[in-house]
Every structure is written in C-alpha cells, then in structure tokens.
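Data block for my_file.txt (compact mmCIF, C-alpha atoms):
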# COMPACT_ATOMS: atom_id res chain seq x y z
CA ALA A 207 0.00 0.00 0.00
CA CYS A 208 1.20 3.48 -0.62
CA ALA A 209 0.64 6.12 1.97
CA ARG A 210 0.88 9.89 1.79
CA VAL A 211 1.74 11.55 5.07
CA THR A 212 0.54 15.11 5.44
CA PRO A 213 1.59 17.33 8.34
CA PHE A 214 -1.53 18.44 10.19
CA SER A 215 0.03 20.36 13.05
CA ALA A 216 3.25 20.31 15.04
CA ASN A 217 2.11 17.24 17.00
CA SER A 218 -0.01 15.18 14.61
CA LEU A 219 -0.16 13.75 11.11
CA ILE A 220 -2.88 12.75 8.70
CA ILE A 221 -2.13 9.56 6.83
CA CYS A 222 -4.13 8.96 3.65
CA PHE A 223 -4.07 5.55 2.00
CA CYS A 224 -4.32 5.33 -1.75
CA ASP A 225 -4.92 2.18 -3.77
CA PHE A 226 -5.00 -0.02 -0.66
CA PRO A 227 -4.72 -3.55 -2.09
CA ALA A 228 -7.96 -5.53 -1.86
CA ASP A 229 -6.14 -8.74 -0.96
CA GLU A 230 -4.69 -7.04 2.12
CA ILE A 231 -8.13 -5.94 3.25
CA GLN A 232 -9.44 -9.48 2.69
CA ALA A 233 -6.88 -10.59 5.28
CA MET A 234 -8.92 -8.58 7.80
CA ARG A 235 -12.07 -10.58 7.01
CA LYS A 236 -10.16 -13.86 7.40
CA ALA A 237 -8.65 -12.73 10.70
CA ARG A 238 -12.05 -11.64 12.02
CA LYS A 239 -13.64 -14.96 11.14
CA ALA A 240 -10.68 -16.96 12.49
CA LYS A 241 -11.11 -15.20 15.85
CA GLY A 242 -14.83 -15.99 15.83
CA TYR A 243 -16.03 -12.39 15.71
CA SER A 244 -19.09 -11.31 13.77
CA LEU A 245 -18.92 -8.12 11.79
CA GLU A 246 -21.47 -6.64 14.19
CA ALA A 247 -19.33 -7.46 17.24
CA VAL A 248 -16.19 -5.91 15.78
CA ALA A 249 -18.12 -2.79 14.80
CA TYR A 250 -19.70 -2.43 18.23
CA ILE A 251 -16.50 -2.99 20.23
CA SER A 252 -14.25 -0.89 17.97
CA GLY A 253 -16.66 2.00 17.53
CA VAL A 254 -16.28 1.77 13.75
CA SER A 255 -19.64 1.48 12.02
CA PHE A 256 -20.87 -1.86 10.73
CA THR A 257 -21.39 -0.32 7.30
CA THR A 258 -17.83 1.00 7.16
CA ILE A 259 -16.25 -2.36 8.04
CA ALA A 260 -18.54 -4.20 5.62
CA GLN A 261 -17.54 -1.78 2.86
CA TRP A 262 -13.84 -2.41 3.60
CA GLU A 263 -14.38 -6.14 3.33
CA ARG A 264 -16.18 -5.70 -0.01
CA ASP A 265 -13.43 -3.31 -1.24
CA GLU A 266 -15.95 -0.48 -1.59
CA ARG A 267 -14.27 1.90 0.83
CA THR A 268 -10.69 2.70 1.77
CA PRO A 269 -9.97 2.44 5.50
CA ILE A 270 -8.34 5.23 7.45
CA LEU A 271 -5.53 4.42 9.84
CA ALA A 272 -7.35 5.33 13.06
CA ASN A 273 -10.20 2.94 12.27
CA LEU A 274 -7.83 0.13 11.27
CA ILE A 275 -6.02 0.53 14.58
CA SER A 276 -9.33 0.27 16.46
CA VAL A 277 -10.21 -2.96 14.66
CA ALA A 278 -6.70 -4.37 15.19
CA ASP A 279 -7.06 -3.66 18.91
CA VAL A 280 -10.40 -5.50 19.04
CA LEU A 281 -8.91 -8.51 17.27
CA GLN A 282 -5.77 -8.29 19.43
CA MET A 283 -3.37 -8.42 16.54
CA PRO A 284 -0.70 -6.17 15.01
CA LEU A 285 -1.88 -3.84 12.27
CA ASP A 286 0.50 -5.40 9.74
CA GLU A 287 -1.00 -8.81 10.38
CA LEU A 288 -4.54 -7.47 10.23
CA VAL A 289 -4.07 -6.21 6.69
CA GLY A 290 -1.98 -9.16 5.55
CA ARG A 291 1.23 -7.20 5.20
CA THR A 292 4.59 -8.89 5.48
CA VAL A 293 7.64 -6.84 6.29
CA PRO A 294 10.24 -6.99 3.49
CA LYS A 295 13.66 -8.22 4.54

What does the file become when written as structure tokens?
Amino acid sequence: ACARVTPFSANSLIICFCDFPADEIQAMRKARKAKGYSLEAVAYISGVSFTTIAQWERDERTPILANLISVADVLQMPLDELVGRTVPK
C-alpha cells in the first residue's frame, strides 16, 4: 500500500491511504472470522460502524488508519498482520 503523510500540526499527522490492495483488506475478514467475531461485534466494540467495516471487506471503501487501529485492537493483533502485510527483509 502506498501512503501519503501530510503534516496536520506540530504534534499530529494525517495519513491517507491510496490504492489499498484488496487482498490485504481481505486478510482482515479472514482474521475476524478466524477469531470468531461477527462483523457486528467488531463494529460495536471498535466504535467503527458496521457499514464501514462491511464496505472495507467488499473493497468499496478505503480504510483510514485510526479505524484500522481500532479494529486491530479488538482482534488483538498487530496492524501489519490485520491487513496481511509482510515486512520486506
């Protein structure tokens, strides 16, 4: 995934994802199901709307970092693993 980092203020950044690969987002669906969570449960616990998460899983909407972090926290897994990213060596 490519990311553009934009300074927002002296103490924060906005990170915008562009062309987030669909296969990486599908890793989130697999992880959710492997942990036994329904889409509704993840949405409720994370505070990210059901519709938003469903749209990610159908590749109809690009996730923002803050929401991905919330979902990763609910599933108790690193963000890289949540989106199916492997760190290049």

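Once region 236-238 of chain A and its same-chain neighbours fewer than 2 positions away are set aside, Gln232, Ala233, Met234, Ala240, Lys241, Gly242, Tyr243, Ser244, Leu245, Val248, Leu281, Met283, Glu287, Leu288 and Val289 of chain A remain within 9 Å of it when counting all atoms listed in the file.
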
Hey, what's within 9 Å of Ser276 (chain A) if we count only C-alpha atoms and toss same-chain stuff fewer than 6 positions away? As a compact mmCIF listing (two decimals) with C-alpha atoms, keeping the file's coordinate frame, please?
# COMPACT_ATOMS: atom_id res chain seq x y z
CA ILE A 251 -16.50 -2.99 20.23
CA SER A 252 -14.25 -0.89 17.97
CA GLY A 253 -16.66 2.00 17.53
CA VAL A 254 -16.28 1.77 13.75

Among the residues A:Arg264, A:Val277, A:Arg291, A:Ala272, the one that comes closest to Tyr250 (chain A) [using all atoms listed in the file]: A:Val277

Residue with smallest distance to Glu263 (chain A) - pool A:Thr292, A:Glu246, A:Ala278, A:Arg235, counting all atoms listed in the file: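 Checking each of A:Thr292, A:Glu246, A:Ala278, A:Arg235 against Glu263 (chain A), counting all atoms listed in the file, the winner is A:Arg235.
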
How many Å separate CA of Leu274 (chain A) from CA of Lys239 (chain A)?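 So the two atoms, CA of Leu274 (chain A) and CA of Lys239 (chain A), lie 16.2 Å apart.
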
Could you check how far CA of Asp286 (chain A) sits from CA of Ser255 (chain A), in Å to one decimal? 21.4 Å

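Taking CA of Ile270 (chain A) as the reference point, CA of Gln282 (chain A) is found at 18.2 Å.
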